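The next block holds one structure in the form of structure tokens; read it before the comments.
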Amino acid sequence: MGKSFLNPPKSRIILALDTPDKRSSHRVMEQCADIVDAIKINYPLVLTEGLGFISELKTEYGLPLIADFKVADAPVTNNRIARMAKDAGVDALMVHGFIGADAIMEIQEVAKEEMGIFVVTELTHPGGLEFTRSFSEPFARMAAYLDCFGIQAPGTRPDRIQVLRDTVGPDMTIIACGIGAQGGTLETAVQAGADYGIIGRSIYEADNPRQAAMDLAFSEAFPATEQTGNELLKEVHVVRYCSETDSYTLRAEPADEMRDQVKQFVQYCRSHGIGLELTQSEGVLLKKKRSLIHVYTTGSCLISNLPSAAEGEKIARDFMQEVRTDMDA
Ligand code: XMP
């Protein structure tokens, strides 16, 4: 096994420090530095405060730092980004898998033994299923073959973490995003094979970030599941809230008696060209006013671009009613 670029897991939280500026970042870090295992920073904060803020954070809090730059350009540019990150003191850099093995190897040559590489495999938002899902296992295999330090995995889909863990073997580090605000829980992700969970909004947007970090480190994050009491729906729960667009994504599970009808409905749509076929026989994508419903072949639904959770529930109920009417006809 190669060098480890992170401390051994304790709370297993990698704090996504997506705070708007230095001042707010320090406010959160002062409360959480002794709880979280590492810091992850992203473009918005670095574009605001500059690369120099990375060494400031490292000096001040002594934690390993991951730069989530999702590097995805031509090698000449990737290598410059990697060099700048390494010089700034970054411990591990996130790069996209789709840039290919040669481009990743070049970044490794820049990083040498001073900076680890995480390969992004499968994104958590619904659109992540459209393309990244089809390639997440090949990305993970490539990362393992190239002896990268680790991979990113979708913490909202424990079954996928398990598949990706089986793909890379026991030694690679897996960091799971989508924990907390998007509905994934640290316990489930770790059970499925992740080493750490990335958590941002659930901590830095909390009234008491320290308490939130402590709660998330040791207990279920955001169950937010509601039994609907509706004969057509078993449950509906929020899996993602996007503060930038103020929109929600919900997962809706049909009632057990409805599931077969939803599965039939998916097949009907696919054979009659209704909606957009999802790749790999995953289901269909249907547009409902300004929202989208991913209806999977399993009968589960993801409803996105929603102005409110209540609107999502209404769409889910109407959709199940529509399925029942159509399939009974
Ligand atoms: P939140 O606030 O959702 O922060 O806890 C997530 C952080 O992880 C980054 N990131 C991802 N977020 N799906 C995500 O939703 C992904 O696949 C993903 N990969 C990384 C995100 O940019 C934010 O910094």
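Identifiers in this document derive from the order of the structure tokens: chains are assigned A, B, ..., residues are numbered from 1 separately in each chain, and ligands are numbered from 1 in order of occurrence.
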- Message: Just want the residues within 9 Å of ligand 1, written as a ChimeraX atom specification, counting only C-alpha atoms and all ligand atoms.
- Response: /A:15-18,40-43,68-70,94,120-125,128,152-156,176-182,197-205,240-242
- Based on DSSP run over this structure's backbone, return all residues of stretch 130-223 of chain A in strand (DSSP E), as a ChimeraX atom specification. /A:150-154,173-177,196-199
Saved selection, atoms kept: C-alpha atoms, as a compact mmCIF listing (two decimals), in the first residue's frame:
```
# COMPACT_ATOMS: atom_id res chain seq x y z
CA GLY A 150 -8.42 6.97 -3.82
CA ILE A 151 -11.74 7.52 -5.49
CA GLN A 152 -14.84 9.61 -4.86
CA ALA A 153 -18.11 7.65 -4.65
CA PRO A 154 -21.78 8.63 -4.32
CA THR A 173 -9.34 5.23 0.09
CA ILE A 174 -12.98 5.92 -0.78
CA ILE A 175 -14.51 9.28 0.04
CA ALA A 176 -18.28 9.49 -0.27
CA CYS A 177 -20.03 12.76 -1.01
CA TYR A 196 -14.77 9.00 4.92
CA GLY A 197 -17.87 11.04 4.16
CA ILE A 198 -17.76 14.53 2.70
CA ILE A 199 -20.13 16.84 4.55
```
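With only C-alpha atoms as the atoms that count, the residue of A:Glu187, A:Glu322, A:Glu114, A:Glu49 with the shortest distance to A:Ser25 is A:Glu49.
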- Message: Give me the residues near stretch 130-144 of chain A as a PyMOL selection string, where near means some atom within 8 Å (using only C-alpha atoms) and where sequence neighbours in that chain fewer than 3 positions away do not count.
- Response: chain A and resi 97-98+101+119-123+126-127+147-148+150-151+163-164+167-168+172+278-280
Those residues you just picked out, can you put them in a file as a PDB file, in the first residue's frame with N, CA and C atoms?
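Result written to again05.pdb:
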```pdb
ATOM      1  N   GLY A  97     -12.306  11.162 -13.785  1.00  0.00           N
ATOM      2  CA  GLY A  97     -11.826   9.926 -14.389  1.00  0.00           C
ATOM      3  C   GLY A  97     -11.802   9.985 -15.905  1.00  0.00           C
ATOM      4  N   PHE A  98     -12.706  10.799 -16.484  1.00  0.00           N
ATOM      5  CA  PHE A  98     -12.848  10.727 -17.942  1.00  0.00           C
ATOM      6  C   PHE A  98     -11.683  11.362 -18.709  1.00  0.00           C
ATOM      7  N   ALA A 101      -6.267   7.549 -18.646  1.00  0.00           N
ATOM      8  CA  ALA A 101      -5.111   7.077 -17.872  1.00  0.00           C
ATOM      9  C   ALA A 101      -3.849   7.892 -18.120  1.00  0.00           C
ATOM     10  N   VAL A 119      -9.819  10.040  -7.786  1.00  0.00           N
ATOM     11  CA  VAL A 119     -10.508  10.041  -9.082  1.00  0.00           C
ATOM     12  C   VAL A 119     -12.023  10.083  -8.828  1.00  0.00           C
ATOM     13  N   VAL A 120     -12.678  11.037  -9.465  1.00  0.00           N
ATOM     14  CA  VAL A 120     -14.138  11.154  -9.347  1.00  0.00           C
ATOM     15  C   VAL A 120     -14.761  10.043 -10.189  1.00  0.00           C
ATOM     16  N   THR A 121     -15.710   9.299  -9.594  1.00  0.00           N
ATOM     17  CA  THR A 121     -16.326   8.211 -10.360  1.00  0.00           C
ATOM     18  C   THR A 121     -17.763   8.531 -10.762  1.00  0.00           C
ATOM     19  N   GLU A 122     -18.630   8.712  -9.757  1.00  0.00           N
ATOM     20  CA  GLU A 122     -20.064   8.835 -10.069  1.00  0.00           C
ATOM     21  C   GLU A 122     -20.666   9.973  -9.254  1.00  0.00           C
ATOM     22  N   LEU A 123     -21.211  10.949  -9.944  1.00  0.00           N
ATOM     23  CA  LEU A 123     -21.753  12.127  -9.254  1.00  0.00           C
ATOM     24  C   LEU A 123     -23.106  11.806  -8.631  1.00  0.00           C
ATOM     25  N   PRO A 126     -29.107  13.749  -9.784  1.00  0.00           N
ATOM     26  CA  PRO A 126     -29.784  12.844 -10.736  1.00  0.00           C
ATOM     27  C   PRO A 126     -29.079  12.755 -12.084  1.00  0.00           C
ATOM     28  N   GLY A 127     -28.550  13.864 -12.564  1.00  0.00           N
ATOM     29  CA  GLY A 127     -27.839  13.836 -13.847  1.00  0.00           C
ATOM     30  C   GLY A 127     -26.612  12.944 -13.811  1.00  0.00           C
ATOM     31  N   ASP A 147      -2.800   2.914  -9.375  1.00  0.00           N
ATOM     32  CA  ASP A 147      -2.370   3.058  -7.989  1.00  0.00           C
ATOM     33  C   ASP A 147      -2.605   4.475  -7.460  1.00  0.00           C
ATOM     34  N   CYS A 148      -3.761   5.031  -7.826  1.00  0.00           N
ATOM     35  CA  CYS A 148      -4.114   6.344  -7.278  1.00  0.00           C
ATOM     36  C   CYS A 148      -4.414   6.178  -5.793  1.00  0.00           C
ATOM     37  N   GLY A 150      -7.030   7.304  -4.144  1.00  0.00           N
ATOM     38  CA  GLY A 150      -8.417   6.968  -3.818  1.00  0.00           C
ATOM     39  C   GLY A 150      -9.395   7.354  -4.900  1.00  0.00           C
ATOM     40  N   ILE A 151     -10.661   7.121  -4.581  1.00  0.00           N
ATOM     41  CA  ILE A 151     -11.742   7.521  -5.488  1.00  0.00           C
ATOM     42  C   ILE A 151     -12.837   8.226  -4.685  1.00  0.00           C
ATOM     43  N   VAL A 163     -20.249  -1.621  -4.836  1.00  0.00           N
ATOM     44  CA  VAL A 163     -19.720  -2.085  -6.126  1.00  0.00           C
ATOM     45  C   VAL A 163     -18.330  -1.478  -6.358  1.00  0.00           C
ATOM     46  N   LEU A 164     -18.194  -0.181  -6.044  1.00  0.00           N
ATOM     47  CA  LEU A 164     -16.919   0.493  -6.296  1.00  0.00           C
ATOM     48  C   LEU A 164     -15.839  -0.020  -5.336  1.00  0.00           C
ATOM     49  N   THR A 167     -14.649  -3.125  -6.674  1.00  0.00           N
ATOM     50  CA  THR A 167     -13.839  -2.879  -7.873  1.00  0.00           C
ATOM     51  C   THR A 167     -12.406  -2.489  -7.513  1.00  0.00           C
ATOM     52  N   VAL A 168     -12.239  -1.620  -6.502  1.00  0.00           N
ATOM     53  CA  VAL A 168     -10.883  -1.119  -6.214  1.00  0.00           C
ATOM     54  C   VAL A 168     -10.144  -1.955  -5.179  1.00  0.00           C
ATOM     55  N   MET A 172      -7.629   0.920  -1.274  1.00  0.00           N
ATOM     56  CA  MET A 172      -7.783   2.302  -1.745  1.00  0.00           C
ATOM     57  C   MET A 172      -8.732   3.075  -0.848  1.00  0.00           C
ATOM     58  N   LEU A 278     -33.393   6.275 -20.409  1.00  0.00           N
ATOM     59  CA  LEU A 278     -32.128   6.375 -19.687  1.00  0.00           C
ATOM     60  C   LEU A 278     -31.223   5.249 -20.153  1.00  0.00           C
ATOM     61  N   THR A 279     -29.916   5.503 -20.115  1.00  0.00           N
ATOM     62  CA  THR A 279     -28.972   4.498 -20.614  1.00  0.00           C
ATOM     63  C   THR A 279     -28.996   3.267 -19.719  1.00  0.00           C
ATOM     64  N   GLN A 280     -28.437   2.200 -20.209  1.00  0.00           N
ATOM     65  CA  GLN A 280     -28.260   0.950 -19.461  1.00  0.00           C
ATOM     66  C   GLN A 280     -29.584   0.435 -18.892  1.00  0.00           C
TER      67      GLN A 280
END
```
- Message: According to DSSP computed on the backbone, where in stretch 100-284 of chain A is there helix (DSSP H, G or I)? Give the residues as an MDAnalysis selection string.
- Response: chainID A and resid 101:111 126:129 132:145 158:168 186:192 201:204 209:218 256:271 279:281
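Those residues that approach A:Pro8 to within 9 Å, counting only C-alpha atoms, are Ser4, Arg12 and Asp37 of chain A; same-chain residues fewer than 4 positions away are not listed.
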- Query: Looking at A:Pro209, A:Gly183, A:Gly283, A:Gly312, which one is nearest to A:Val262, with distances taken over only C-alpha atoms?
  - Reply: A:Gly283
- For atom CA of A:Lys58 and atom CA of A:Asp73, quote the distance in Å rounded to one decimal. 27.0 Å
- Residue neighbourhood A:Gln162, 10 Å, only C-alpha atoms, exclusion window fewer than 5 positions, as number ranges by chain: A: 153, 157, 167, 189-194
Restricted to N, CA and C atoms, what would the selected residues look like written as a PDB file, in the first residue's frame?
```pdb
ATOM      1  N   ALA A 153     -16.952   8.517  -4.359  1.00  0.00           N
ATOM      2  CA  ALA A 153     -18.105   7.648  -4.649  1.00  0.00           C
ATOM      3  C   ALA A 153     -19.377   8.342  -4.162  1.00  0.00           C
ATOM      4  N   ARG A 157     -25.778   6.641  -2.666  1.00  0.00           N
ATOM      5  CA  ARG A 157     -26.107   5.326  -3.247  1.00  0.00           C
ATOM      6  C   ARG A 157     -25.167   4.260  -2.668  1.00  0.00           C
ATOM      7  N   THR A 167     -14.649  -3.125  -6.674  1.00  0.00           N
ATOM      8  CA  THR A 167     -13.839  -2.879  -7.873  1.00  0.00           C
ATOM      9  C   THR A 167     -12.406  -2.489  -7.513  1.00  0.00           C
ATOM     10  N   ALA A 189     -22.785   4.810   4.441  1.00  0.00           N
ATOM     11  CA  ALA A 189     -21.688   4.889   3.474  1.00  0.00           C
ATOM     12  C   ALA A 189     -20.495   4.071   3.953  1.00  0.00           C
ATOM     13  N   VAL A 190     -20.185   4.186   5.237  1.00  0.00           N
ATOM     14  CA  VAL A 190     -19.028   3.453   5.776  1.00  0.00           C
ATOM     15  C   VAL A 190     -19.307   1.945   5.746  1.00  0.00           C
ATOM     16  N   GLN A 191     -20.518   1.589   6.105  1.00  0.00           N
ATOM     17  CA  GLN A 191     -20.894   0.164   6.060  1.00  0.00           C
ATOM     18  C   GLN A 191     -20.735  -0.403   4.644  1.00  0.00           C
ATOM     19  N   ALA A 192     -21.017   0.442   3.655  1.00  0.00           N
ATOM     20  CA  ALA A 192     -20.946  -0.016   2.262  1.00  0.00           C
ATOM     21  C   ALA A 192     -19.504  -0.048   1.750  1.00  0.00           C
ATOM     22  N   GLY A 193     -18.582   0.559   2.500  1.00  0.00           N
ATOM     23  CA  GLY A 193     -17.177   0.473   2.082  1.00  0.00           C
ATOM     24  C   GLY A 193     -16.432   1.784   1.983  1.00  0.00           C
ATOM     25  N   ALA A 194     -17.087   2.904   2.301  1.00  0.00           N
ATOM     26  CA  ALA A 194     -16.371   4.191   2.257  1.00  0.00           C
ATOM     27  C   ALA A 194     -15.504   4.347   3.504  1.00  0.00           C
TER      28      ALA A 194
END
```
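Taking only C-alpha atoms, the non-local environment of A:Tyr248 within 7 Å (same-chain residues fewer than 5 positions away omitted) comprises Val238, Arg240, Tyr241, Cys242, Ser304, Asn305, Leu306, Pro307, Ser308 and Ala309 of chain A.
With only C-alpha atoms as the basis for measurement, A:Arg317 is the residue among A:Arg317, A:Lys86, A:Arg210, A:His272 that approaches A:Glu253 most closely.
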- Task: Please indicate the distance in Å from atom CA of A:Ala85 to atom CA of A:Met29, rounded to one decimal place.
- Result: 20.7 Å
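The gap separating atom CA of A:Ile161 from atom CA of A:Leu286 is 26.9 Å, in Å to one decimal.
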- Proximity to A:His96 - best of A:Met258, A:Leu292, A:Ala74, A:Leu232, only C-alpha atoms: A:Ala74
- Task: Determine, counting only C-alpha atoms, which protein, DNA and RNA residues have an atom within 9 Å of an atom of A:Tyr296; residues of the same chain fewer than 6 positions away are not included. Present the result as a list in words.
- Result: Val262, Lys263, Val266, Leu278, Ser281, Glu282, Gly283, Val284, Leu285 and Leu302 of chain A
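Using only C-alpha atoms, the shortest contact distance between A:Ser291 and any of A:Cys269, A:Ala38, A:Ala316, A:Val76 is found at A:Ala316.
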- Task: Name the closest residue to A:Gly116 among the candidates A:Phe53, A:Phe5, A:Phe319, A:Phe265; distances are taken between atoms, counting only C-alpha atoms.
- Result: A:Phe5
